[in-house]
Amino acid sequence: MTQQKTYLVFGATGQTGQHFTALALKQGHKVRAVARNPTKLAMTHPDLDVRQGTVPGVANLDDLLQVVDFVVCMLGDRQMQKQQKVNTAFVRELVPAMRRAGVSRLLYQAGGLSKPPGRQLPPLFRVIRNTVARSYIGQHEDNEAVMEYLTQEAGDLEWMVHRAGIGSNGSSKGVLERSSTSASIGTFQDVAAYNLATVADPSAIHTCDLSSYRKR
Ligand SMILES: NC(=O)c1ccc[n+]([C@@H]2O[C@H](COP(=O)([O-])OP(=O)(O)OC[C@H]3O[C@@H](n4cnc5c(N)ncnc54)[C@H](OP(=O)(O)O)[C@@H]3O)[C@@H](O)[C@H]2O)c1
């Protein structure tokens with residue numbers, strides 16, 4: 001049996017976050033979910049603790065981090081991120097709070113089209129980002145600022161970034177594995193399963209990798 005862990009989840013009401021929360025609970029873990037609108041999380045469970053909070057400026061962050069093993073952020077608000085880097089502002093609050101609470105492991109979900117620090121996107125990714133995915137530019141720039149901040153200023157924490165490529169809310173297409181070069185269009189539930197496995201994987205620490213379906 002897997003050892004029970006406690007996850008502090010931001011973005012639990014989102015498309016990835018709902019699958020993540022359900023899966024973590026199904027595997028016997030505890031989830032403390034922070035949601036700006038808790039009624040959107042349409043599930044109850046004895047091991048699920050839902051708290052109201054909006055990023056940045058989450059109240060009682062130090063309390064939320066008590067007795068937590070892993071922090072997982074699956075946050076995004078495309079409209080808001082066009083105006084300001086809200087996720088970066090939040091991560092800049094979260095990291096010092098994690099240090100204060102003695103919590104070191106963080107998984108942050110970004111996108112495959114968000115450029116990791118010190119690297120270029122492949123030409124095809126650049127074309128997609130600047131054409132069909134152009135309306136997500138604010139989200140990518142915010143994610144990139146988060147990766148930059150974590151790389152430059154949070155080397156003492158065990159952070160990892162999942163540059164997810166998500167396509168649909170369909171059923172599982174297989175198992176996603178970490179890759180520095182190859183990306184798959186995943187389903188939300190496969191991306192959530194990847195996040196759950198990867199946050200516990202020490203080999204993913206300080207990576208900003210993509211995910212790709214395991215070859216059958
Ligand atoms: N969706 C994709 O195809 C895709 C592809 C590649 C990468 N990504 C990356 O993965 C991230 C998550 O994707 P997703 O599709 O699962 O996201 P999503 O369905 O849009 O959900 C985003 C989550 O963030 C929460 N949130 C947004 N702004 C907040 C705020 N200010 N305070 C508190 N909570 C806030 C939302 O709460 P509410 O429920 O209240 O809105 C929701 O729970 C994206 O931001 C993006 O960077 C997504």
# chains A, B, ... in the order shown; residues from 1 in each chain; ligands from 1
$ residues_near_ligand --ligand "ligand 1" --cutoff "9 Å" --atoms "only C-alpha atoms and all ligand atoms" --output "mmCIF file with N, CA and C atoms, in the first residue's frame"
data_model
loop_
_atom_site.group_PDB
_atom_site.id
_atom_site.type_symbol
_atom_site.label_atom_id
_atom_site.label_comp_id
_atom_site.auth_asym_id
_atom_site.auth_seq_id
_atom_site.Cartn_x
_atom_site.Cartn_y
_atom_site.Cartn_z
ATOM 1 N N PHE A 10 -3.484 23.947 -5.360
ATOM 2 C CA PHE A 10 -4.013 25.211 -5.880
ATOM 3 C C PHE A 10 -4.505 24.940 -7.298
ATOM 4 N N GLY A 11 -5.748 25.371 -7.576
ATOM 5 C CA GLY A 11 -6.341 25.089 -8.885
ATOM 6 C C GLY A 11 -7.118 23.783 -8.894
ATOM 7 N N ALA A 12 -7.577 23.366 -7.718
ATOM 8 C CA ALA A 12 -8.269 22.068 -7.607
ATOM 9 C C ALA A 12 -9.608 22.043 -8.335
ATOM 10 N N THR A 13 -10.183 23.226 -8.613
ATOM 11 C CA THR A 13 -11.472 23.254 -9.315
ATOM 12 C C THR A 13 -11.295 23.264 -10.831
ATOM 13 N N GLY A 14 -10.055 23.283 -11.298
ATOM 14 C CA GLY A 14 -9.799 23.360 -12.738
ATOM 15 C C GLY A 14 -9.876 21.997 -13.411
ATOM 16 N N GLN A 15 -9.632 22.030 -14.713
ATOM 17 C CA GLN A 15 -9.790 20.797 -15.500
ATOM 18 C C GLN A 15 -8.768 19.729 -15.101
ATOM 19 N N THR A 16 -7.529 20.134 -14.863
ATOM 20 C CA THR A 16 -6.530 19.172 -14.376
ATOM 21 C C THR A 16 -6.736 18.930 -12.885
ATOM 22 N N GLY A 17 -6.987 20.021 -12.149
ATOM 23 C CA GLY A 17 -7.052 19.945 -10.695
ATOM 24 C C GLY A 17 -8.145 19.025 -10.175
ATOM 25 N N GLN A 18 -9.289 19.001 -10.851
ATOM 26 C CA GLN A 18 -10.380 18.118 -10.375
ATOM 27 C C GLN A 18 -9.974 16.653 -10.514
ATOM 28 N N HIS A 19 -9.343 16.324 -11.639
ATOM 29 C CA HIS A 19 -8.870 14.938 -11.812
ATOM 30 C C HIS A 19 -7.779 14.620 -10.789
ATOM 31 N N VAL A 34 -7.232 24.602 -2.144
ATOM 32 C CA VAL A 34 -7.535 26.022 -2.032
ATOM 33 C C VAL A 34 -8.264 26.443 -3.306
ATOM 34 N N ALA A 35 -9.465 26.977 -3.144
ATOM 35 C CA ALA A 35 -10.279 27.337 -4.307
ATOM 36 C C ALA A 35 -10.885 28.711 -4.096
ATOM 37 N N ARG A 36 -10.920 29.513 -5.181
ATOM 38 C CA ARG A 36 -11.543 30.835 -5.000
ATOM 39 C C ARG A 36 -13.052 30.695 -4.865
ATOM 40 N N ASN A 37 -13.586 29.614 -5.429
ATOM 41 C CA ASN A 37 -15.012 29.326 -5.265
ATOM 42 C C ASN A 37 -15.175 27.846 -4.872
ATOM 43 N N PRO A 38 -15.114 27.550 -3.563
ATOM 44 C CA PRO A 38 -15.122 26.152 -3.118
ATOM 45 C C PRO A 38 -16.318 25.342 -3.611
ATOM 46 N N LYS A 40 -17.399 25.082 -6.442
ATOM 47 C CA LYS A 40 -17.114 24.499 -7.760
ATOM 48 C C LYS A 40 -16.500 23.105 -7.664
ATOM 49 N N LEU A 41 -15.957 22.787 -6.495
ATOM 50 C CA LEU A 41 -15.334 21.459 -6.345
ATOM 51 C C LEU A 41 -16.431 20.478 -5.966
ATOM 52 N N GLN A 52 -11.230 28.361 1.188
ATOM 53 C CA GLN A 52 -11.399 29.451 0.216
ATOM 54 C C GLN A 52 -10.100 30.255 0.127
ATOM 55 N N GLY A 53 -9.711 30.601 -1.102
ATOM 56 C CA GLY A 53 -8.524 31.431 -1.279
ATOM 57 C C GLY A 53 -8.363 31.863 -2.719
ATOM 58 N N THR A 54 -7.880 33.082 -2.906
ATOM 59 C CA THR A 54 -7.618 33.613 -4.248
ATOM 60 C C THR A 54 -6.156 34.006 -4.318
ATOM 61 N N VAL A 55 -5.504 33.669 -5.439
ATOM 62 C CA VAL A 55 -4.094 34.041 -5.595
ATOM 63 C C VAL A 55 -3.988 35.304 -6.441
ATOM 64 N N PRO A 56 -2.971 36.138 -6.188
ATOM 65 C CA PRO A 56 -2.056 36.062 -5.043
ATOM 66 C C PRO A 56 -2.745 36.599 -3.794
ATOM 67 N N GLY A 57 -2.014 36.609 -2.697
ATOM 68 C CA GLY A 57 -2.558 37.142 -1.453
ATOM 69 C C GLY A 57 -3.427 36.146 -0.710
ATOM 70 N N VAL A 58 -3.141 34.855 -0.841
ATOM 71 C CA VAL A 58 -3.916 33.840 -0.114
ATOM 72 C C VAL A 58 -3.724 34.052 1.388
ATOM 73 N N CYS A 73 0.509 23.110 -7.943
ATOM 74 C CA CYS A 73 -0.192 24.277 -8.508
ATOM 75 C C CYS A 73 -0.633 23.962 -9.927
ATOM 76 N N MET A 74 -1.947 23.978 -10.153
ATOM 77 C CA MET A 74 -2.491 23.783 -11.505
ATOM 78 C C MET A 74 -3.391 24.981 -11.795
ATOM 79 N N LEU A 75 -2.797 26.159 -11.641
ATOM 80 C CA LEU A 75 -3.525 27.429 -11.675
ATOM 81 C C LEU A 75 -3.500 28.057 -13.058
ATOM 82 N N GLY A 76 -4.553 28.751 -13.400
ATOM 83 C CA GLY A 76 -4.531 29.544 -14.626
ATOM 84 C C GLY A 76 -5.802 30.342 -14.779
ATOM 85 N N ASP A 77 -5.638 31.587 -15.214
ATOM 86 C CA ASP A 77 -6.776 32.439 -15.561
ATOM 87 C C ASP A 77 -6.305 33.277 -16.748
ATOM 88 N N ARG A 78 -6.643 32.763 -17.933
ATOM 89 C CA ARG A 78 -6.093 33.333 -19.161
ATOM 90 C C ARG A 78 -6.349 34.837 -19.267
ATOM 91 N N MET A 80 -7.011 37.070 -16.823
ATOM 92 C CA MET A 80 -6.269 37.827 -15.813
ATOM 93 C C MET A 80 -4.771 37.856 -16.143
ATOM 94 N N GLN A 81 -4.275 36.725 -16.673
ATOM 95 C CA GLN A 81 -2.834 36.642 -16.972
ATOM 96 C C GLN A 81 -2.439 37.488 -18.187
ATOM 97 N N VAL A 86 -0.111 36.952 -12.381
ATOM 98 C CA VAL A 86 -0.663 36.600 -11.064
ATOM 99 C C VAL A 86 -0.013 35.345 -10.488
ATOM 100 N N ASN A 87 0.275 34.368 -11.347
ATOM 101 C CA ASN A 87 0.887 33.143 -10.834
ATOM 102 C C ASN A 87 2.292 33.424 -10.293
ATOM 103 N N PHE A 90 2.041 34.999 -7.014
ATOM 104 C CA PHE A 90 1.681 33.997 -6.001
ATOM 105 C C PHE A 90 2.882 33.119 -5.630
ATOM 106 N N TYR A 108 4.667 22.643 -10.242
ATOM 107 C CA TYR A 108 3.937 23.745 -10.885
ATOM 108 C C TYR A 108 3.640 23.328 -12.317
ATOM 109 N N GLN A 109 2.357 23.398 -12.689
ATOM 110 C CA GLN A 109 1.993 23.030 -14.061
ATOM 111 C C GLN A 109 1.987 24.259 -14.966
ATOM 112 N N ALA A 110 2.841 24.195 -15.971
ATOM 113 C CA ALA A 110 2.878 25.231 -17.018
ATOM 114 C C ALA A 110 2.429 24.562 -18.315
ATOM 115 N N GLY A 111 2.822 25.148 -19.449
ATOM 116 C CA GLY A 111 2.424 24.567 -20.727
ATOM 117 C C GLY A 111 3.626 24.226 -21.587
ATOM 118 N N GLY A 112 3.441 23.295 -22.486
ATOM 119 C CA GLY A 112 4.525 22.902 -23.401
ATOM 120 C C GLY A 112 5.023 24.067 -24.236
ATOM 121 N N LEU A 113 4.151 25.068 -24.443
ATOM 122 C CA LEU A 113 4.543 26.226 -25.254
ATOM 123 C C LEU A 113 5.166 27.334 -24.421
ATOM 124 N N SER A 114 5.312 27.083 -23.116
ATOM 125 C CA SER A 114 6.017 28.034 -22.244
ATOM 126 C C SER A 114 7.502 27.671 -22.292
ATOM 127 N N TYR A 136 -3.051 32.697 -25.654
ATOM 128 C CA TYR A 136 -2.529 32.210 -24.363
ATOM 129 C C TYR A 136 -1.194 32.852 -23.997
ATOM 130 N N GLN A 139 -0.509 33.805 -20.436
ATOM 131 C CA GLN A 139 -0.321 32.632 -19.573
ATOM 132 C C GLN A 139 1.115 32.089 -19.722
ATOM 133 N N HIS A 140 1.594 32.041 -20.957
ATOM 134 C CA HIS A 140 2.962 31.540 -21.159
ATOM 135 C C HIS A 140 3.990 32.478 -20.533
ATOM 136 N N ASP A 142 3.583 34.428 -18.030
ATOM 137 C CA ASP A 142 3.496 34.251 -16.574
ATOM 138 C C ASP A 142 4.221 32.952 -16.169
ATOM 139 N N ASN A 143 3.923 31.863 -16.870
ATOM 140 C CA ASN A 143 4.596 30.591 -16.561
ATOM 141 C C ASN A 143 6.115 30.714 -16.701
ATOM 142 N N HIS A 162 5.948 21.056 -14.739
ATOM 143 C CA HIS A 162 5.428 20.188 -15.807
ATOM 144 C C HIS A 162 4.925 21.071 -16.924
ATOM 145 N N ARG A 163 5.622 21.036 -18.057
ATOM 146 C CA ARG A 163 5.169 21.809 -19.230
ATOM 147 C C ARG A 163 4.209 20.920 -20.012
ATOM 148 N N ALA A 164 2.968 20.929 -19.558
ATOM 149 C CA ALA A 164 1.967 19.979 -20.058
ATOM 150 C C ALA A 164 1.447 20.375 -21.438
ATOM 151 N N GLY A 165 1.099 19.387 -22.195
ATOM 152 C CA GLY A 165 0.390 19.613 -23.451
ATOM 153 C C GLY A 165 -0.961 18.928 -23.311
ATOM 154 N N ILE A 166 -1.999 19.714 -23.142
ATOM 155 C CA ILE A 166 -3.298 19.101 -22.844
ATOM 156 C C ILE A 166 -4.242 19.342 -24.009
ATOM 157 N N GLY A 167 -4.981 18.321 -24.387
ATOM 158 C CA GLY A 167 -5.848 18.477 -25.541
ATOM 159 C C GLY A 167 -7.315 18.329 -25.263
ATOM 160 N N SER A 168 -7.664 17.442 -24.349
ATOM 161 C CA SER A 168 -9.090 17.161 -24.229
ATOM 162 C C SER A 168 -9.421 16.610 -22.844
ATOM 163 N N ILE A 185 -0.039 15.385 -26.732
ATOM 164 C CA ILE A 185 -1.293 16.039 -26.379
ATOM 165 C C ILE A 185 -2.012 15.061 -25.460
ATOM 166 N N GLY A 186 -2.110 15.412 -24.206
ATOM 167 C CA GLY A 186 -2.664 14.479 -23.227
ATOM 168 C C GLY A 186 -4.132 14.776 -22.926
ATOM 169 N N THR A 187 -4.711 13.922 -22.122
ATOM 170 C CA THR A 187 -6.034 14.225 -21.587
ATOM 171 C C THR A 187 -5.838 14.729 -20.151
ATOM 172 N N PHE A 188 -6.829 15.454 -19.654
ATOM 173 C CA PHE A 188 -6.679 16.042 -18.319
ATOM 174 C C PHE A 188 -6.411 14.960 -17.274
ATOM 175 N N VAL A 191 -2.806 13.853 -17.515
ATOM 176 C CA VAL A 191 -1.914 14.906 -17.012
ATOM 177 C C VAL A 191 -1.955 14.928 -15.479
ATOM 178 N N ALA A 192 -3.147 14.759 -14.918
ATOM 179 C CA ALA A 192 -3.285 14.721 -13.457
ATOM 180 C C ALA A 192 -2.527 13.521 -12.873
#
$ select_by_dssp --residues "stretch 41-193 of chain A" --states "helix (DSSP H, G or I)" --output "PyMOL selection string"
chain A and resi 61-64+78-83+86-101+123-130+134-153+188-193
$ write_last_selection --atoms "C-alpha atoms" --output "mmCIF file, in the first residue's frame"
data_model
loop_
_atom_site.group_PDB
_atom_site.id
_atom_site.type_symbol
_atom_site.label_atom_id
_atom_site.label_comp_id
_atom_site.auth_asym_id
_atom_site.auth_seq_id
_atom_site.Cartn_x
_atom_site.Cartn_y
_atom_site.Cartn_z
ATOM 1 C CA LEU A 61 -0.695 30.555 3.734
ATOM 2 C CA ASP A 62 1.483 29.543 6.671
ATOM 3 C CA ASP A 63 -1.435 27.635 8.240
ATOM 4 C CA LEU A 64 -2.343 25.993 4.932
ATOM 5 C CA ARG A 78 -6.093 33.333 -19.161
ATOM 6 C CA GLN A 79 -7.883 36.699 -19.042
ATOM 7 C CA MET A 80 -6.269 37.827 -15.813
ATOM 8 C CA GLN A 81 -2.834 36.642 -16.972
ATOM 9 C CA LYS A 82 -3.131 38.909 -20.035
ATOM 10 C CA GLN A 83 -3.061 41.852 -17.627
ATOM 11 C CA VAL A 86 -0.663 36.600 -11.064
ATOM 12 C CA ASN A 87 0.887 33.143 -10.834
ATOM 13 C CA THR A 88 4.370 34.624 -10.520
ATOM 14 C CA ALA A 89 3.181 36.981 -7.798
ATOM 15 C CA PHE A 90 1.681 33.997 -6.001
ATOM 16 C CA VAL A 91 4.729 31.729 -6.351
ATOM 17 C CA ARG A 92 6.843 34.574 -4.975
ATOM 18 C CA GLU A 93 4.641 34.426 -1.852
ATOM 19 C CA LEU A 94 4.428 30.637 -1.776
ATOM 20 C CA VAL A 95 8.162 29.886 -1.854
ATOM 21 C CA PRO A 96 9.079 31.903 1.280
ATOM 22 C CA ALA A 97 6.017 30.442 3.037
ATOM 23 C CA MET A 98 7.156 26.917 2.102
ATOM 24 C CA ARG A 99 10.589 27.698 3.558
ATOM 25 C CA ARG A 100 8.984 28.925 6.789
ATOM 26 C CA ALA A 101 6.836 25.790 7.042
ATOM 27 C CA PRO A 123 10.480 25.969 -34.363
ATOM 28 C CA LEU A 124 7.135 24.137 -34.557
ATOM 29 C CA PHE A 125 6.271 25.104 -30.971
ATOM 30 C CA ARG A 126 7.159 28.743 -31.753
ATOM 31 C CA VAL A 127 4.854 28.753 -34.768
ATOM 32 C CA ILE A 128 1.957 27.266 -32.770
ATOM 33 C CA ARG A 129 2.516 29.710 -29.915
ATOM 34 C CA ASN A 130 2.486 32.717 -32.244
ATOM 35 C CA ARG A 134 -1.634 33.370 -29.513
ATOM 36 C CA SER A 135 -4.439 34.145 -27.072
ATOM 37 C CA TYR A 136 -2.529 32.210 -24.363
ATOM 38 C CA ILE A 137 0.549 34.414 -24.560
ATOM 39 C CA GLY A 138 -0.090 36.057 -21.171
ATOM 40 C CA GLN A 139 -0.321 32.632 -19.573
ATOM 41 C CA HIS A 140 2.962 31.540 -21.159
ATOM 42 C CA GLU A 141 4.750 34.723 -20.130
ATOM 43 C CA ASP A 142 3.496 34.251 -16.574
ATOM 44 C CA ASN A 143 4.596 30.591 -16.561
ATOM 45 C CA GLU A 144 7.999 31.618 -17.932
ATOM 46 C CA ALA A 145 8.435 34.181 -15.158
ATOM 47 C CA VAL A 146 7.590 31.450 -12.624
ATOM 48 C CA MET A 147 10.219 29.110 -14.117
ATOM 49 C CA GLU A 148 12.778 31.921 -14.153
ATOM 50 C CA TYR A 149 12.069 32.784 -10.518
ATOM 51 C CA LEU A 150 12.256 29.166 -9.370
ATOM 52 C CA THR A 151 15.503 28.628 -11.277
ATOM 53 C CA GLN A 152 17.155 31.839 -10.093
ATOM 54 C CA GLU A 153 15.857 32.157 -6.560
ATOM 55 C CA PHE A 188 -6.679 16.042 -18.319
ATOM 56 C CA GLN A 189 -6.870 12.802 -16.376
ATOM 57 C CA ASP A 190 -3.547 11.559 -17.783
ATOM 58 C CA VAL A 191 -1.914 14.906 -17.012
ATOM 59 C CA ALA A 192 -3.285 14.721 -13.457
ATOM 60 C CA ALA A 193 -1.932 11.170 -13.036
#
$ residues_around --residues "A:Met160" --least-positions-apart "6" --cutoff "7 Å" --atoms "only C-alpha atoms" --output "VMD selection string"
chain A and resid 106 to 108 204 to 208
$ select_by_dssp --residues "stretch 105-147 of chain A" --states "strand (DSSP E or B)" --output "list in words"
Arg105, Leu106, Leu107, Tyr108, Gln109, Ala110 and Gly111 of chain A
$ write_last_selection --atoms "N, CA and C atoms" --output "PDB file, in the first residue's frame"
ATOM      1  N   ARG A 105       8.789  20.342  -1.382  1.00  0.00           N
ATOM      2  CA  ARG A 105       8.474  19.795  -2.717  1.00  0.00           C
ATOM      3  C   ARG A 105       7.283  20.512  -3.356  1.00  0.00           C
ATOM      4  N   LEU A 106       7.501  21.012  -4.578  1.00  0.00           N
ATOM      5  CA  LEU A 106       6.481  21.769  -5.308  1.00  0.00           C
ATOM      6  C   LEU A 106       6.440  21.321  -6.761  1.00  0.00           C
ATOM      7  N   LEU A 107       5.239  21.025  -7.253  1.00  0.00           N
ATOM      8  CA  LEU A 107       5.053  20.836  -8.697  1.00  0.00           C
ATOM      9  C   LEU A 107       4.182  21.976  -9.207  1.00  0.00           C
ATOM     10  N   TYR A 108       4.667  22.643 -10.242  1.00  0.00           N
ATOM     11  CA  TYR A 108       3.937  23.745 -10.885  1.00  0.00           C
ATOM     12  C   TYR A 108       3.640  23.328 -12.317  1.00  0.00           C
ATOM     13  N   GLN A 109       2.357  23.398 -12.689  1.00  0.00           N
ATOM     14  CA  GLN A 109       1.993  23.030 -14.061  1.00  0.00           C
ATOM     15  C   GLN A 109       1.987  24.259 -14.966  1.00  0.00           C
ATOM     16  N   ALA A 110       2.841  24.195 -15.971  1.00  0.00           N
ATOM     17  CA  ALA A 110       2.878  25.231 -17.018  1.00  0.00           C
ATOM     18  C   ALA A 110       2.429  24.562 -18.315  1.00  0.00           C
ATOM     19  N   GLY A 111       2.822  25.148 -19.449  1.00  0.00           N
ATOM     20  CA  GLY A 111       2.424  24.567 -20.727  1.00  0.00           C
ATOM     21  C   GLY A 111       3.626  24.226 -21.587  1.00  0.00           C
TER      22      GLY A 111
END
$ atom_distance --atom1 "atom CA of A:Leu210" --atom2 "atom CA of A:Arg178"
5.9 Å
$ atom_distance --atom1 "atom CA of A:Thr44" --atom2 "atom CA of A:Phe70"
20.6 Å
